[in-house]
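Student: Submitted below is the structure of interest, expressed as structure tokens.
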Amino acid sequence: IDIRTINHTEEAFSGSAGINMINADLMLNIPMARNISLQLSGRRSISDIVQTPTYTEYYNRAFRNTAVTADATAPVDSLVESEEVFNFYDVTAKLLIDITPKDKLRLSFIDIHNEINYEENEIINNELESKTSGLEQGTVSGGISYQRLWNDKLQTNAQIYLSSYSLDAINFDLRNDQRLIQENSVLDLGIKLDARIALSSTLDLFTGYQFFEIGIS
């Protein structure tokens, strides 16, 4: 799967906004100077404002048979109520700089965040117990790329990126008086250099070097 954003500078301002049964989104393409433009986009869930039938259907399918949904093994009169709040957002930015007609610099950034919290109230030994469990999951990533067109036969690219992923969760089991804590993190650093050489009108040589290091805890 190869997913790319627009990779050329824009001379005119443009934008769009939309909303559906899950989220609202916004996209802007902003010229900042000659041969420099900025792309911005964002998306946010609307479930904390209104829970649509589409959201309910997605929610029930995603969290079926999990701790978030009602515990089928609980006595009918023990579970008083359970309330959940789920939301997400993502933001992207890309700065495009055409230094010269042959030199292009690109700076990219993305931030993704998902969060769910659910409160359980249960009667245990004739006393009302209340706990809030939750999970936060996020990714922050940034990168710089530089492209150079040396001549009609040689083009080089250099890229460096850093990506950080984290997950923090806590889950309370009221009936068994237990608590589960989960913390995961992944750090991904990479450098890539490549060159495309035209050997003839019908044959190209694509070569390069890539280094990446991934740390997990």
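Chain labels run A, B, ... following the order of the structure tokens; each chain numbers its residues from 1, and ligands are numbered from 1 in the order shown.
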Just want the 12 Å neighbourhood of Asp188 of chain A, counted on only C-alpha atoms, with same-chain residues fewer than 6 positions away dropped. Output as a PDB file with N, CA, C and O atoms, in the first residue's frame.
Tutor:
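File selection-v9.pdb, as written:
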```pdb
ATOM      1  N   THR A 139       0.232   8.036  18.380  1.00  0.00           N
ATOM      2  CA  THR A 139       1.425   8.004  17.546  1.00  0.00           C
ATOM      3  C   THR A 139       1.786   9.422  17.141  1.00  0.00           C
ATOM      4  O   THR A 139       0.925  10.186  16.709  1.00  0.00           O
ATOM      5  N   VAL A 140       3.049   9.762  17.314  1.00  0.00           N
ATOM      6  CA  VAL A 140       3.578  11.050  16.849  1.00  0.00           C
ATOM      7  C   VAL A 140       4.758  10.746  15.939  1.00  0.00           C
ATOM      8  O   VAL A 140       5.661   9.987  16.313  1.00  0.00           O
ATOM      9  N   SER A 141       4.746  11.327  14.750  1.00  0.00           N
ATOM     10  CA  SER A 141       5.783  11.022  13.777  1.00  0.00           C
ATOM     11  C   SER A 141       6.146  12.270  12.991  1.00  0.00           C
ATOM     12  O   SER A 141       5.287  13.109  12.703  1.00  0.00           O
ATOM     13  N   GLY A 142       7.427  12.387  12.668  1.00  0.00           N
ATOM     14  CA  GLY A 142       7.902  13.506  11.866  1.00  0.00           C
ATOM     15  C   GLY A 142       9.026  13.070  10.944  1.00  0.00           C
ATOM     16  O   GLY A 142       9.732  12.092  11.229  1.00  0.00           O
ATOM     17  N   GLY A 143       9.165  13.775   9.835  1.00  0.00           N
ATOM     18  CA  GLY A 143      10.209  13.391   8.894  1.00  0.00           C
ATOM     19  C   GLY A 143      10.642  14.556   8.018  1.00  0.00           C
ATOM     20  O   GLY A 143       9.902  15.528   7.833  1.00  0.00           O
ATOM     21  N   ILE A 160      14.962  11.257   6.543  1.00  0.00           N
ATOM     22  CA  ILE A 160      15.137  10.836   7.929  1.00  0.00           C
ATOM     23  C   ILE A 160      13.806  11.017   8.642  1.00  0.00           C
ATOM     24  O   ILE A 160      13.089  11.994   8.402  1.00  0.00           O
ATOM     25  N   TYR A 161      13.436  10.032   9.470  1.00  0.00           N
ATOM     26  CA  TYR A 161      12.143  10.109  10.148  1.00  0.00           C
ATOM     27  C   TYR A 161      12.257   9.536  11.557  1.00  0.00           C
ATOM     28  O   TYR A 161      13.150   8.739  11.862  1.00  0.00           O
ATOM     29  N   LEU A 162      11.349   9.956  12.400  1.00  0.00           N
ATOM     30  CA  LEU A 162      11.249   9.462  13.774  1.00  0.00           C
ATOM     31  C   LEU A 162       9.787   9.273  14.107  1.00  0.00           C
ATOM     32  O   LEU A 162       8.967  10.163  13.857  1.00  0.00           O
ATOM     33  N   SER A 163       9.449   8.097  14.638  1.00  0.00           N
ATOM     34  CA  SER A 163       8.066   7.790  14.974  1.00  0.00           C
ATOM     35  C   SER A 163       8.004   7.214  16.381  1.00  0.00           C
ATOM     36  O   SER A 163       8.813   6.359  16.748  1.00  0.00           O
ATOM     37  N   SER A 164       7.048   7.702  17.166  1.00  0.00           N
ATOM     38  CA  SER A 164       6.886   7.238  18.548  1.00  0.00           C
ATOM     39  C   SER A 164       5.445   6.797  18.770  1.00  0.00           C
ATOM     40  O   SER A 164       4.509   7.557  18.520  1.00  0.00           O
ATOM     41  N   TYR A 165       5.279   5.571  19.224  1.00  0.00           N
ATOM     42  CA  TYR A 165       3.954   5.013  19.518  1.00  0.00           C
ATOM     43  C   TYR A 165       3.877   4.678  21.001  1.00  0.00           C
ATOM     44  O   TYR A 165       4.835   4.149  21.580  1.00  0.00           O
ATOM     45  N   SER A 166       2.741   4.961  21.616  1.00  0.00           N
ATOM     46  CA  SER A 166       2.570   4.645  23.043  1.00  0.00           C
ATOM     47  C   SER A 166       1.155   4.171  23.315  1.00  0.00           C
ATOM     48  O   SER A 166       0.195   4.591  22.654  1.00  0.00           O
ATOM     49  N   PHE A 211      18.695   2.494   6.754  1.00  0.00           N
ATOM     50  CA  PHE A 211      19.008   2.095   8.127  1.00  0.00           C
ATOM     51  C   PHE A 211      17.819   2.434   9.007  1.00  0.00           C
ATOM     52  O   PHE A 211      17.267   3.536   8.926  1.00  0.00           O
ATOM     53  N   PHE A 212      17.398   1.476   9.822  1.00  0.00           N
ATOM     54  CA  PHE A 212      16.336   1.775  10.773  1.00  0.00           C
ATOM     55  C   PHE A 212      16.559   1.006  12.061  1.00  0.00           C
ATOM     56  O   PHE A 212      17.144  -0.077  12.051  1.00  0.00           O
ATOM     57  N   GLU A 213      16.124   1.599  13.144  1.00  0.00           N
ATOM     58  CA  GLU A 213      16.250   0.987  14.458  1.00  0.00           C
ATOM     59  C   GLU A 213      14.919   1.123  15.190  1.00  0.00           C
ATOM     60  O   GLU A 213      14.335   2.209  15.225  1.00  0.00           O
ATOM     61  N   ILE A 214      14.458   0.031  15.753  1.00  0.00           N
ATOM     62  CA  ILE A 214      13.177   0.000  16.449  1.00  0.00           C
ATOM     63  C   ILE A 214      13.404  -0.451  17.885  1.00  0.00           C
ATOM     64  O   ILE A 214      14.026  -1.492  18.139  1.00  0.00           O
ATOM     65  N   GLY A 215      12.930   0.335  18.825  1.00  0.00           N
ATOM     66  CA  GLY A 215      13.006  -0.015  20.239  1.00  0.00           C
ATOM     67  C   GLY A 215      11.604  -0.235  20.799  1.00  0.00           C
ATOM     68  O   GLY A 215      10.693   0.545  20.548  1.00  0.00           O
ATOM     69  N   ILE A 216      11.433  -1.316  21.544  1.00  0.00           N
ATOM     70  CA  ILE A 216      10.124  -1.693  22.085  1.00  0.00           C
ATOM     71  C   ILE A 216      10.232  -1.925  23.586  1.00  0.00           C
ATOM     72  O   ILE A 216      11.184  -2.556  24.055  1.00  0.00           O
TER      73      ILE A 216
END
```
Student: Write out as a list in words all residues of segment 21-161 of chain A that backbone DSSP assigns to helix (DSSP H, G or I).
Tutor: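 So, restricting segment 21-161 of chain A to helix (DSSP H, G or I), we get Pro53, Thr54, Tyr55, Thr56, Glu57, Tyr58, Tyr59, Asn60, Arg61 and Ala62 of chain A.
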Student: Give me, please, the distance in Å between atom CA of Asn184 of chain A and atom CA of Arg61 of chain A, quoted to one decimal.
Tutor: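 We find that atom CA of Asn184 of chain A and atom CA of Arg61 of chain A lie 24.5 Å from each other.
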Student: So, counting only C-alpha atoms, which residue among A:Lys131, A:Arg175, A:Lys94, A:Lys104 is closest to Thr5 of chain A?
Tutor: A:Lys94
Student: Write out as a PyMOL selection string all residues of segment 2-139 of chain A that DSSP puts in strand (DSSP E) for this structure's backbone.
Tutor: chain A and resi 14-19+23-33+36-45+79-100+103-124+127-139
Student: What is the atom CA of Leu199 of chain A-atom CA of Leu149 of chain A distance in Å, reported with one decimal?
Tutor: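 Spanning atom CA of Leu199 of chain A to atom CA of Leu149 of chain A is a straight-line distance of 15.4 Å.
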Student: Taking only C-alpha atoms into account, which of A:Leu96, A:Ala158, A:Leu174, A:Leu167 comes nearest Ile30 of chain A?
Tutor: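 Answer, going by the shortest atom-to-atom distance: A:Leu96.
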Student: Need the shell around Ser47 of chain A: protein/DNA/RNA residues with any atom at most 8 Å away, counting only C-alpha atoms. Skip same-chain ones fewer than 2 positions apart. Format as a list of chain:residue names?
Tutor: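 Everything that qualifies: A:Ile22, A:Asn23, A:Ser45, A:Ile49, A:Val50, A:Gln51, A:Thr52, A:Tyr55, A:Val85, A:Phe86, A:Asn87.
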Student: Per residue of segment 56-155 of chain A within 9 Å of segment 8-13 of chain A, which atom pair is closest and at what distance in Å (one decimal), using only C-alpha atoms, listed by chain and increasing number, as CSV?
Tutor:
```
residue,atom,partner,partner_atom,distance
A:Leu95,CA,A:Thr9,CA,8.9
A:Leu96,CA,A:Thr9,CA,6.1
A:Ile97,CA,A:Thr9,CA,7.3
A:Asp98,CA,A:Thr9,CA,7.5
```
Student: Neighbouring residues of Leu180 of chain A were defined as those with any atom within 9 Å, considering only C-alpha atoms; residues of the same chain fewer than 3 positions away were excluded. Please report them as a list in words.
Tutor: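 Once the nearby chain positions are removed, what remains is Ala169, Ile170, Asn171, Phe172 and Asp173 of chain A.
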Student: Produce a file of the selected residues containing N, CA, C and O atoms, as a PDB file, in the first residue's frame.
Tutor:
```pdb
ATOM      1  N   ALA A 169      -2.898   1.852  29.484  1.00  0.00           N
ATOM      2  CA  ALA A 169      -4.237   1.346  29.790  1.00  0.00           C
ATOM      3  C   ALA A 169      -4.301   0.883  31.236  1.00  0.00           C
ATOM      4  O   ALA A 169      -3.315   0.419  31.811  1.00  0.00           O
ATOM      5  N   ILE A 170      -5.467   1.017  31.803  1.00  0.00           N
ATOM      6  CA  ILE A 170      -5.746   0.490  33.140  1.00  0.00           C
ATOM      7  C   ILE A 170      -7.159  -0.080  33.137  1.00  0.00           C
ATOM      8  O   ILE A 170      -8.090   0.540  32.621  1.00  0.00           O
ATOM      9  N   ASN A 171      -7.301  -1.282  33.675  1.00  0.00           N
ATOM     10  CA  ASN A 171      -8.584  -1.973  33.663  1.00  0.00           C
ATOM     11  C   ASN A 171      -8.877  -2.510  35.064  1.00  0.00           C
ATOM     12  O   ASN A 171      -8.090  -3.289  35.620  1.00  0.00           O
ATOM     13  N   PHE A 172      -9.992  -2.089  35.625  1.00  0.00           N
ATOM     14  CA  PHE A 172     -10.410  -2.527  36.956  1.00  0.00           C
ATOM     15  C   PHE A 172     -11.415  -3.669  36.844  1.00  0.00           C
ATOM     16  O   PHE A 172     -12.327  -3.633  36.010  1.00  0.00           O
ATOM     17  N   ASP A 173     -11.225  -4.669  37.666  1.00  0.00           N
ATOM     18  CA  ASP A 173     -12.177  -5.772  37.816  1.00  0.00           C
ATOM     19  C   ASP A 173     -12.783  -5.656  39.206  1.00  0.00           C
ATOM     20  O   ASP A 173     -12.181  -6.071  40.195  1.00  0.00           O
TER      21      ASP A 173
END
```
Student: If you count only C-alpha atoms, which residues fall within 7 Å of Gln137 of chain A, apart from same-chain ones fewer than 2 positions away, as a ChimeraX atom specification?
Tutor: /A:113-115,135,166-168
Student: Would you output that residue set with N, CA and C atoms, as a short mmCIF file (atom, residue, chain, number, x, y, z; two decimals), in the first residue's frame?
Tutor:
```cif
data_model
loop_
_atom_site.label_atom_id
_atom_site.label_comp_id
_atom_site.auth_asym_id
_atom_site.auth_seq_id
_atom_site.Cartn_x
_atom_site.Cartn_y
_atom_site.Cartn_z
N HIS A 113 -4.35 10.13 17.86
CA HIS A 113 -4.70 9.88 19.27
C HIS A 113 -6.05 9.19 19.35
N ASN A 114 -6.10 8.12 20.14
CA ASN A 114 -7.35 7.40 20.42
C ASN A 114 -7.48 7.23 21.93
N GLU A 115 -8.68 7.40 22.42
CA GLU A 115 -8.88 7.31 23.87
C GLU A 115 -10.28 6.77 24.18
N LEU A 135 -8.11 3.60 28.28
CA LEU A 135 -6.99 3.29 27.41
C LEU A 135 -6.70 4.49 26.52
N SER A 166 2.74 4.96 21.62
CA SER A 166 2.57 4.65 23.04
C SER A 166 1.16 4.17 23.31
N LEU A 167 1.05 3.29 24.29
CA LEU A 167 -0.25 2.80 24.75
C LEU A 167 -0.21 2.72 26.27
N ASP A 168 -1.19 3.33 26.91
CA ASP A 168 -1.33 3.29 28.36
C ASP A 168 -2.77 2.90 28.69
#
```
